[in-house]
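Data file: my_file-v5.txt. Format and content: compact mmCIF, C-alpha atoms.
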```
# COMPACT_ATOMS: atom_id res chain seq x y z
CA MET A 279 -107.38 -73.31 -17.00
CA ASN A 280 -106.52 -76.59 -18.82
CA LYS A 281 -103.14 -75.34 -20.02
CA THR A 282 -99.72 -76.92 -19.75
CA ALA A 283 -96.39 -75.31 -18.91
CA LEU A 284 -92.93 -76.84 -19.11
CA ILE A 285 -90.29 -75.07 -17.04
CA THR A 286 -86.70 -76.26 -17.34
CA GLY A 287 -84.66 -76.17 -14.16
CA SER A 288 -87.84 -76.04 -12.10
CA THR A 289 -86.94 -78.12 -9.05
CA SER A 290 -84.93 -75.31 -7.42
CA GLY A 291 -84.34 -71.55 -7.45
CA ILE A 292 -86.13 -69.28 -9.91
CA GLY A 293 -87.61 -72.18 -11.85
CA LEU A 294 -89.25 -73.70 -8.79
CA LYS A 295 -90.89 -70.38 -7.94
CA ILE A 296 -92.14 -70.00 -11.52
CA ALA A 297 -93.51 -73.55 -11.56
CA THR A 298 -95.23 -73.08 -8.21
CA SER A 299 -96.81 -69.81 -9.39
CA PHE A 300 -98.12 -71.47 -12.57
CA ALA A 301 -99.51 -74.43 -10.61
CA LYS A 302 -101.28 -72.00 -8.29
CA GLU A 303 -102.95 -70.50 -11.38
CA GLY A 304 -104.18 -73.96 -12.45
CA TYR A 305 -101.58 -74.90 -15.08
CA ALA A 306 -100.55 -78.51 -15.46
CA ILE A 307 -96.77 -78.54 -15.00
CA MET A 308 -93.95 -80.57 -16.46
CA PHE A 309 -91.16 -80.16 -13.96
CA HIS A 310 -87.55 -80.61 -14.97
CA GLY A 311 -84.35 -80.63 -12.95
CA LEU A 312 -81.42 -82.58 -11.60
CA GLU A 313 -82.47 -82.76 -7.95
CA LYS A 314 -82.68 -86.37 -6.77
CA ASN A 315 -86.05 -85.67 -5.13
CA GLY A 316 -87.41 -83.87 -8.21
CA LEU A 317 -90.39 -86.19 -8.61
CA GLU A 318 -91.24 -85.71 -4.94
CA ILE A 319 -91.07 -81.90 -5.34
CA ALA A 320 -93.35 -82.05 -8.40
CA THR A 321 -95.82 -84.43 -6.77
CA GLU A 322 -96.10 -82.31 -3.63
CA ILE A 323 -96.89 -79.14 -5.62
CA GLY A 324 -99.35 -81.03 -7.81
CA LYS A 325 -101.24 -82.23 -4.73
CA LYS A 326 -101.16 -78.81 -3.07
CA TYR A 327 -102.74 -77.04 -6.06
CA ASN A 328 -104.70 -79.98 -7.46
CA VAL A 329 -103.01 -79.93 -10.87
CA LYS A 330 -101.51 -82.66 -13.02
CA VAL A 331 -97.72 -82.77 -12.95
CA GLY A 332 -94.86 -84.68 -14.51
CA PHE A 333 -91.13 -84.75 -13.94
CA SER A 334 -88.06 -85.25 -16.13
CA ASN A 335 -84.34 -85.16 -15.40
CA ALA A 336 -83.39 -84.83 -19.08
CA ASN A 337 -79.78 -83.88 -19.73
CA LEU A 338 -79.94 -80.50 -21.47
CA LEU A 339 -76.41 -80.98 -22.82
CA LYS A 340 -77.92 -83.40 -25.35
CA SER A 341 -80.34 -82.26 -28.05
CA SER A 342 -81.85 -85.76 -28.27
CA GLU A 343 -82.82 -85.66 -24.58
CA ILE A 344 -84.36 -82.20 -24.98
CA GLU A 345 -86.45 -83.49 -27.88
CA LYS A 346 -87.55 -86.47 -25.75
CA LEU A 347 -88.48 -84.06 -22.94
CA ILE A 348 -90.82 -82.18 -25.27
CA GLU A 349 -92.24 -85.43 -26.67
CA GLU A 350 -92.87 -86.71 -23.15
CA THR A 351 -94.59 -83.47 -22.17
CA ILE A 352 -96.94 -83.57 -25.16
CA ALA A 353 -97.63 -87.29 -24.67
CA THR A 354 -98.44 -86.78 -20.98
CA PHE A 355 -100.53 -83.62 -21.21
CA LYS A 356 -101.68 -83.71 -24.88
CA SER A 357 -100.49 -80.11 -25.25
CA ILE A 358 -97.81 -77.60 -24.34
CA HIS A 359 -98.87 -73.98 -24.14
CA VAL A 360 -95.98 -72.37 -22.26
CA LEU A 361 -92.28 -73.15 -22.47
CA VAL A 362 -90.07 -71.42 -19.92
CA ASN A 363 -86.40 -71.87 -20.75
CA ASN A 364 -84.98 -71.29 -17.31
CA ALA A 365 -82.23 -73.85 -16.66
CA GLY A 366 -78.75 -72.39 -16.40
CA ILE A 367 -75.26 -72.94 -15.05
CA GLN A 368 -72.43 -70.56 -14.26
CA TYR A 369 -68.65 -70.54 -13.97
CA VAL A 370 -66.42 -67.57 -13.18
CA ALA A 371 -62.79 -67.28 -14.31
CA PRO A 372 -60.50 -64.95 -16.29
CA VAL A 373 -60.61 -65.71 -20.02
CA LYS A 374 -57.02 -66.99 -20.05
CA ASP A 375 -57.90 -69.55 -17.37
CA PHE A 376 -61.43 -70.38 -18.54
CA PRO A 377 -61.67 -74.16 -19.11
CA ASN A 378 -62.91 -75.08 -22.58
CA GLU A 379 -65.26 -77.71 -21.22
CA LYS A 380 -66.88 -75.21 -18.82
CA TYR A 381 -67.34 -72.75 -21.70
CA GLU A 382 -68.91 -75.39 -23.94
CA ASN A 383 -71.27 -76.65 -21.23
CA ILE A 384 -72.47 -73.14 -20.35
CA ILE A 385 -73.15 -72.36 -24.01
CA ALA A 386 -74.93 -75.70 -24.40
CA ILE A 387 -77.26 -75.38 -21.39
CA ASN A 388 -77.79 -71.62 -21.26
CA MET A 389 -78.21 -71.02 -25.00
CA ASN A 390 -78.26 -74.11 -27.21
CA ALA A 391 -80.90 -75.83 -25.07
CA VAL A 392 -83.17 -72.82 -25.57
CA PHE A 393 -82.96 -73.36 -29.33
CA TYR A 394 -83.52 -77.12 -29.20
CA ALA A 395 -86.50 -76.84 -26.83
CA SER A 396 -88.09 -73.98 -28.77
CA LYS A 397 -87.64 -75.83 -32.05
CA ALA A 398 -89.15 -78.98 -30.57
CA VAL A 399 -92.31 -77.25 -29.26
CA TRP A 400 -92.88 -75.21 -32.40
CA ASN A 401 -95.06 -77.64 -34.36
CA GLN A 402 -97.36 -78.26 -31.39
CA MET A 403 -97.72 -74.55 -30.66
CA GLU A 404 -98.36 -73.82 -34.33
CA LYS A 405 -101.00 -76.56 -34.44
CA GLN A 406 -102.69 -75.06 -31.35
CA GLN A 407 -102.37 -71.52 -32.73
CA PHE A 408 -101.11 -70.63 -29.28
CA GLY A 409 -97.67 -70.61 -27.74
CA ARG A 410 -95.73 -68.65 -25.16
CA ILE A 411 -91.95 -69.11 -25.12
CA ILE A 412 -90.36 -67.26 -22.22
CA ASN A 413 -86.59 -67.23 -21.90
CA ILE A 414 -84.94 -66.43 -18.59
CA SER A 415 -81.93 -64.49 -19.81
CA SER A 416 -80.12 -62.11 -17.47
CA VAL A 417 -78.97 -58.53 -17.08
CA HIS A 418 -75.79 -60.14 -18.43
CA GLY A 419 -77.67 -60.54 -21.69
CA LEU A 420 -77.53 -56.74 -21.88
CA ARG A 421 -74.36 -55.86 -19.97
CA ALA A 422 -71.02 -57.57 -19.43
CA SER A 423 -69.04 -58.33 -16.30
CA GLU A 424 -65.50 -59.54 -15.99
CA TYR A 425 -64.71 -63.28 -15.73
CA LYS A 426 -68.04 -64.44 -17.19
CA THR A 427 -67.17 -64.94 -20.86
CA ALA A 428 -69.40 -67.97 -21.42
CA TYR A 429 -72.39 -66.79 -19.40
CA VAL A 430 -72.46 -63.30 -20.93
CA THR A 431 -72.06 -64.76 -24.43
CA ALA A 432 -74.88 -67.25 -23.91
CA LYS A 433 -77.30 -64.75 -22.39
CA HIS A 434 -76.68 -62.20 -25.18
CA GLY A 435 -77.34 -65.01 -27.66
CA VAL A 436 -80.63 -65.91 -26.00
CA ILE A 437 -81.88 -62.34 -26.45
CA GLY A 438 -81.02 -62.44 -30.15
CA MET A 439 -82.75 -65.79 -30.51
CA THR A 440 -85.81 -64.43 -28.73
CA LYS A 441 -86.20 -61.73 -31.37
CA VAL A 442 -86.00 -64.20 -34.25
CA LEU A 443 -88.56 -66.57 -32.71
CA ALA A 444 -90.88 -63.63 -32.03
CA LEU A 445 -90.79 -62.64 -35.71
CA GLU A 446 -91.37 -66.18 -36.92
CA GLY A 447 -94.24 -66.75 -34.50
CA ALA A 448 -95.96 -63.41 -35.06
CA ASN A 449 -98.72 -64.68 -37.36
CA LYS A 450 -99.22 -67.91 -35.40
CA ASN A 451 -100.01 -66.48 -31.94
CA ILE A 452 -96.65 -67.76 -30.72
CA THR A 453 -94.89 -65.09 -28.70
CA CYS A 454 -91.33 -65.14 -27.43
CA ASN A 455 -89.86 -62.84 -24.80
CA SER A 456 -86.88 -62.68 -22.48
CA ILE A 457 -86.72 -61.77 -18.82
CA CYS A 458 -83.42 -60.26 -17.69
CA PRO A 459 -83.02 -60.30 -13.92
CA GLY A 460 -80.18 -58.83 -11.97
CA TYR A 461 -78.86 -60.85 -9.07
CA VAL A 462 -81.39 -63.16 -7.40
CA LYS A 463 -80.38 -64.99 -4.22
CA THR A 464 -80.60 -68.52 -5.62
CA PRO A 465 -78.27 -71.49 -5.01
CA LEU A 466 -76.39 -70.52 -8.19
CA VAL A 467 -75.73 -66.99 -6.91
CA ILE A 468 -74.92 -68.19 -3.39
CA ASN A 469 -72.19 -70.35 -4.93
CA GLN A 470 -70.96 -67.33 -6.89
CA ILE A 471 -70.70 -65.33 -3.67
CA LYS A 472 -68.47 -68.00 -2.17
CA ASP A 473 -66.32 -68.21 -5.33
CA GLN A 474 -65.98 -64.43 -5.58
CA ALA A 475 -65.05 -64.16 -1.89
CA GLN A 476 -62.26 -66.63 -2.43
CA ALA A 477 -61.11 -65.05 -5.71
CA HIS A 478 -61.03 -61.50 -4.31
CA ASN A 479 -59.97 -62.45 -0.77
CA MET A 480 -63.04 -60.65 0.59
CA SER A 481 -65.81 -61.47 3.05
CA GLU A 482 -69.09 -62.70 1.57
CA LYS A 483 -70.80 -59.55 2.89
CA ASP A 484 -68.31 -57.36 1.01
CA VAL A 485 -68.79 -59.43 -2.14
CA ILE A 486 -72.54 -58.78 -2.04
CA GLU A 487 -72.14 -55.02 -1.44
CA LYS A 488 -69.00 -54.22 -3.44
CA VAL A 489 -69.11 -56.76 -6.29
CA LEU A 490 -72.55 -58.25 -6.97
CA LEU A 491 -74.81 -55.28 -6.22
CA LYS A 492 -72.26 -52.58 -7.02
CA LYS A 493 -73.81 -51.80 -10.41
CA GLN A 494 -77.43 -51.83 -9.21
CA ALA A 495 -79.03 -48.57 -8.17
CA VAL A 496 -81.29 -50.45 -5.77
CA LYS A 497 -78.93 -52.37 -3.51
CA GLU A 498 -81.16 -55.40 -3.07
CA PHE A 499 -81.39 -58.82 -4.64
CA ILE A 500 -84.18 -59.11 -7.20
CA PRO A 501 -87.20 -60.85 -5.58
CA VAL A 502 -87.87 -64.18 -7.23
CA ALA A 503 -91.60 -63.38 -7.03
CA ALA A 504 -91.06 -60.45 -9.43
CA ILE A 505 -89.72 -62.88 -12.02
CA SER A 506 -92.57 -65.36 -11.60
CA ASP A 507 -95.12 -62.52 -11.80
CA MET A 508 -93.59 -61.30 -15.07
CA THR A 509 -93.57 -64.83 -16.46
CA LEU A 510 -97.26 -65.26 -15.69
CA LEU A 511 -98.05 -61.97 -17.41
CA LEU A 512 -96.20 -62.99 -20.57
CA ALA A 513 -98.06 -66.33 -20.63
CA LYS A 514 -101.53 -64.76 -20.65
CA ASP A 515 -103.94 -64.97 -23.58
CA THR A 516 -104.01 -61.17 -23.65
CA SER A 517 -100.23 -60.91 -24.17
CA THR A 518 -100.43 -61.65 -27.90
CA THR A 519 -98.80 -58.37 -28.89
CA ILE A 520 -96.05 -58.55 -26.27
CA THR A 521 -93.30 -60.30 -28.19
CA GLY A 522 -89.65 -59.97 -29.13
CA THR A 523 -88.97 -57.92 -26.02
CA SER A 524 -86.56 -58.16 -23.10
CA PHE A 525 -87.97 -57.25 -19.70
CA THR A 526 -85.26 -56.02 -17.39
CA LEU A 527 -85.66 -56.57 -13.64
CA ASP A 528 -82.29 -55.29 -12.52
CA GLY A 529 -82.68 -52.71 -9.77
CA GLY A 530 -81.74 -49.93 -12.18
CA TRP A 531 -78.44 -51.49 -13.34
CA THR A 532 -79.02 -50.77 -17.04
CA ALA A 533 -80.47 -47.31 -16.35
CA GLN A 534 -76.92 -46.07 -15.77
```

Have the structure of the file written as structure tokens, please.
Amino acid sequence: MNKTALITGSTSGIGLKIATSFAKEGYAIMFHGLEKNGLEIATEIGKKYNVKVGFSNANLLKSSEIEKLIEETIATFKSIHVLVNNAGIQYVAPVKDFPNEKYENIIAINMNAVFYASKAVWNQMEKQQFGRIINISSVHGLRASEYKTAYVTAKHGVIGMTKVLALEGANKNITCNSICPGYVKTPLVINQIKDQAQAHNMSEKDVIEKVLLKKQAVKEFIPVAAISDMTLLLAKDTSTTITGTSFTLDGGWTAQ
């Protein structure tokens, strides 16, 4: 294989599944995340699949740290073929009560970090004449829900950015696509269930059925394996003409 992938937010949730799937396919992996045992997680997966790994806990709120993350990846692996912009945070509140700092941090991590990371890998990918930038957006990049001003704004922005990067990379074999999942049962969503239960004075079971999955035709959480499978497809050499597109894995939410 001899290819390198950097996945932000890859020590838990969706990112960890994506990183594990790429390692299984023989990719060297730069892990990134805030978990205290992040290096241990990366090392264990590297040993299991016999691939080279690295780990960074770069603060994605700061463009300088994102640039250092890319520099460290290239210095460690001498290349970077796949960038998966996965890291994200969430906060739920009515717009009149939405804290400015929460809004700014969500925009910074969910959208601005995608720009800074993509910009930082561009020269290396152009030099290689190969690059795959894959942005984990959300069904909320296509549809809105109440109380999620910052998240919906950021995820819509990521889809717009994806299209621009796809156009600019078209003659350089640099593709850029978005994946838009519905609800996946990750730690982030589990926390949302608890918050929504408190906000609506409902049981967590009712929140899942009557709030989270209400808009999905298929009343099931999106399997994290479906997201990692789609990411692997978009990273393939043969996916040169798949670019500028959003792939929606939402249980039929946007079909309505």

As AutoDock Vina command-line options, please: the centre and edge lengths in Å, to one decimal, of an axis-aligned box enclosing every listed atom of segment 479-491 of chain A with 3 Å added on each side.
```
--center_x -67.4 --center_y -58.5 --center_z -2.0 --size_x 20.8 --size_y 14.5 --size_z 16.0
```

- Task: Would you list the residues near (-79.2, -74.3, -16.1) (no more than 7 Å away, in the coordinates of the file, using all atoms listed in the file) as number ranges by chain?
- Result: A: 287, 364-367, 387-388

- Query: From the list A:Ala283, A:Ile323, A:Ile344, A:Val370, which residue is nearest Lys356 of chain A when using all atoms listed in the file?
  - Reply: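 For Lys356 of chain A, the nearest of the candidates is A:Ala283.
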
- Message: I'd like the contact shell of Val489 of chain A - 10 Å cut-off, only C-alpha atoms, skipping same-chain residues fewer than 5 positions apart - returned as a PyMOL selection string.
- Response: chain A and resi 471+474-475+478+480+482-484

- Task: Excluding Thr523 of chain A and residues on its chain fewer than 4 positions from it, collect all residues at most 10 Å away from it, counting all atoms listed in the file, and give them as a ChimeraX atom specification.
- Result: /A:437,440-441,444,453-457

- Query: Between A:Ala432, A:Leu445, A:Ile505, A:Ala398, which is the closest to Ile292 of chain A once you count only C-alpha atoms?
  - Reply: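 Checking each candidate against Ile292 of chain A, we get A:Ile505 as the closest.
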
- Query: Can you list, as a ChimeraX atom specification, every protein, DNA or RNA residue that comes within 6 Å of Arg410 of chain A when you count all atoms listed in the file, leaving out same-chain residues fewer than 2 positions away?
  - Reply: /A:360,452-453,513

- Radius query 12 Å about (-76.1, -76.5, -30.4), atoms used: all atoms listed in the file, as a list of chain:residue names: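 Checking each residue against the 12 Å limit leaves A:Leu338, A:Leu339, A:Lys340, A:Ser341, A:Ser342, A:Ile344, A:Glu382, A:Asn383, A:Ile384, A:Ile385, A:Ala386, A:Ile387, A:Asn388, A:Met389, A:Asn390, A:Ala391, A:Val392, A:Phe393, A:Tyr394, A:Ala395, A:Lys397, A:Ala432, A:Gly435.
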
- Item | Residues near Tyr425 of chain A, cut-off 9 Å, all atoms listed in the file, skip fewer than 3 positions along chain, as a list of chain:residue names | A:Tyr369, A:Val370, A:Ala371, A:Pro372, A:Val373, A:Phe376, A:Ala428

Once you have the residues from the selection above, write them out as a PDB file, in the frame of the given file, restricted to C-alpha atoms.
```pdb
ATOM      1  CA  TYR A 369     -68.650 -70.540 -13.970  1.00  0.00           C
ATOM      2  CA  VAL A 370     -66.420 -67.570 -13.180  1.00  0.00           C
ATOM      3  CA  ALA A 371     -62.790 -67.280 -14.310  1.00  0.00           C
ATOM      4  CA  PRO A 372     -60.500 -64.950 -16.290  1.00  0.00           C
ATOM      5  CA  VAL A 373     -60.610 -65.710 -20.020  1.00  0.00           C
ATOM      6  CA  PHE A 376     -61.430 -70.380 -18.540  1.00  0.00           C
ATOM      7  CA  ALA A 428     -69.400 -67.970 -21.420  1.00  0.00           C
TER       8      ALA A 428
END
```

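Each of A:Lys450, A:Ser506, A:Ser524, A:Gln368 was compared to Val430 of chain A using only C-alpha atoms, and A:Gln368 turns out to be the nearest.
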
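Neighbouring residues of Val399 of chain A at 9 Å or closer, counting only C-alpha atoms and skipping chain neighbours under 5 positions away, are Glu345, Ile348, Glu349, Ile352, Ile358, His359, Leu361, Tyr394, Glu404 and Gly409 of chain A.
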
- Message: I need the residue nearest Gln534 of chain A from this list: A:Leu490, A:Val496, A:Ala477, A:Met439. Use all atoms listed in the file for the distance.
- Response: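 Result for the nearest residue to Gln534 of chain A: A:Val496.
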
- Task: Can you work out which one of A:Thr351, A:Thr464, A:Gln470, A:Thr516 has the shortest atom-to-atom distance to Gly291 of chain A, counting only C-alpha atoms?
- Result: A:Thr464

- Message: Given all atoms listed in the file as the basis, pick out the residue of A:Ala422, A:Ile412, A:Leu347, A:Val502 nearest to Leu294 of chain A.
- Response: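 Distance minimum relative to Leu294 of chain A lands on A:Val502.
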
- Between atom CA of Asn337 of chain A and atom CA of Ser290 of chain A, what is the distance, to one decimal in Å?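 Going from atom CA of Asn337 of chain A over to atom CA of Ser290 of chain A covers 15.9 Å.
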
Reconstructed N, CA, C and O atoms for segment 489-511 of chain A, given as a CSV table (one decimal), in the coordinates of the input:
```csv
chain,number,residue,atom,x,y,z
A,489,VAL,N,-69.3,-56.1,-5.0
A,489,VAL,CA,-69.1,-56.8,-6.3
A,489,VAL,C,-70.5,-57.0,-6.9
A,489,VAL,O,-70.8,-56.4,-8.0
A,490,LEU,N,-71.3,-57.8,-6.3
A,490,LEU,CA,-72.6,-58.2,-7.0
A,490,LEU,C,-73.5,-57.1,-7.2
A,490,LEU,O,-74.0,-56.9,-8.3
A,491,LEU,N,-73.8,-56.3,-6.1
A,491,LEU,CA,-74.8,-55.3,-6.2
A,491,LEU,C,-74.2,-53.9,-6.5
A,491,LEU,O,-74.9,-52.9,-6.5
A,492,LYS,N,-72.9,-53.9,-6.8
A,492,LYS,CA,-72.3,-52.6,-7.0
A,492,LYS,C,-72.9,-51.8,-8.2
A,492,LYS,O,-73.1,-50.6,-8.1
A,493,LYS,N,-73.3,-52.5,-9.2
A,493,LYS,CA,-73.8,-51.8,-10.4
A,493,LYS,C,-75.3,-51.5,-10.4
A,493,LYS,O,-75.9,-50.8,-11.2
A,494,GLN,N,-76.0,-52.1,-9.3
A,494,GLN,CA,-77.4,-51.8,-9.2
A,494,GLN,C,-77.7,-50.5,-8.4
A,494,GLN,O,-77.0,-50.3,-7.4
A,495,ALA,N,-78.6,-49.8,-8.9
A,495,ALA,CA,-79.0,-48.6,-8.2
A,495,ALA,C,-79.7,-48.9,-6.9
A,495,ALA,O,-79.5,-48.3,-5.8
A,496,VAL,N,-80.6,-49.9,-7.0
A,496,VAL,CA,-81.3,-50.4,-5.8
A,496,VAL,C,-80.4,-51.6,-5.2
A,496,VAL,O,-80.3,-52.6,-5.9
A,497,LYS,N,-79.9,-51.4,-4.1
A,497,LYS,CA,-78.9,-52.4,-3.5
A,497,LYS,C,-79.6,-53.5,-2.8
A,497,LYS,O,-79.5,-53.8,-1.6
A,498,GLU,N,-80.4,-54.2,-3.6
A,498,GLU,CA,-81.2,-55.4,-3.1
A,498,GLU,C,-81.2,-56.5,-4.1
A,498,GLU,O,-81.2,-56.2,-5.3
A,499,PHE,N,-81.2,-57.7,-3.7
A,499,PHE,CA,-81.4,-58.8,-4.6
A,499,PHE,C,-82.8,-58.7,-5.3
A,499,PHE,O,-83.7,-58.2,-4.6
A,500,ILE,N,-82.9,-59.1,-6.5
A,500,ILE,CA,-84.2,-59.1,-7.2
A,500,ILE,C,-85.1,-60.2,-6.6
A,500,ILE,O,-84.7,-61.4,-6.5
A,501,PRO,N,-86.3,-59.8,-6.2
A,501,PRO,CA,-87.2,-60.8,-5.6
A,501,PRO,C,-87.6,-61.9,-6.6
A,501,PRO,O,-88.0,-61.5,-7.8
A,502,VAL,N,-87.5,-63.1,-6.3
A,502,VAL,CA,-87.9,-64.2,-7.2
A,502,VAL,C,-89.3,-64.1,-7.6
A,502,VAL,O,-89.7,-64.4,-8.7
A,503,ALA,N,-90.2,-63.5,-6.7
A,503,ALA,CA,-91.6,-63.4,-7.0
A,503,ALA,C,-91.8,-62.4,-8.2
A,503,ALA,O,-92.8,-62.5,-8.9
A,504,ALA,N,-90.9,-61.4,-8.3
A,504,ALA,CA,-91.1,-60.4,-9.4
A,504,ALA,C,-90.9,-61.2,-10.8
A,504,ALA,O,-91.5,-60.8,-11.8
A,505,ILE,N,-90.0,-62.1,-10.8
A,505,ILE,CA,-89.7,-62.9,-12.0
A,505,ILE,C,-90.9,-63.8,-12.3
A,505,ILE,O,-91.4,-63.9,-13.5
A,506,SER,N,-91.4,-64.5,-11.3
A,506,SER,CA,-92.6,-65.4,-11.6
A,506,SER,C,-93.8,-64.6,-12.0
A,506,SER,O,-94.6,-65.0,-12.9
A,507,ASP,N,-94.0,-63.4,-11.4
A,507,ASP,CA,-95.1,-62.5,-11.8
A,507,ASP,C,-95.0,-62.1,-13.3
A,507,ASP,O,-96.0,-62.1,-14.0
A,508,MET,N,-93.8,-61.7,-13.7
A,508,MET,CA,-93.6,-61.3,-15.1
A,508,MET,C,-93.8,-62.5,-16.0
A,508,MET,O,-94.4,-62.3,-17.1
A,509,THR,N,-93.4,-63.6,-15.6
A,509,THR,CA,-93.6,-64.8,-16.5
A,509,THR,C,-95.0,-65.1,-16.7
A,509,THR,O,-95.5,-65.4,-17.8
A,510,LEU,N,-95.8,-65.0,-15.6
A,510,LEU,CA,-97.3,-65.3,-15.7
A,510,LEU,C,-97.9,-64.2,-16.6
A,510,LEU,O,-98.8,-64.6,-17.4
A,511,LEU,N,-97.5,-63.0,-16.5
A,511,LEU,CA,-98.0,-62.0,-17.4
A,511,LEU,C,-97.8,-62.3,-18.9
A,511,LEU,O,-98.7,-62.2,-19.7
```
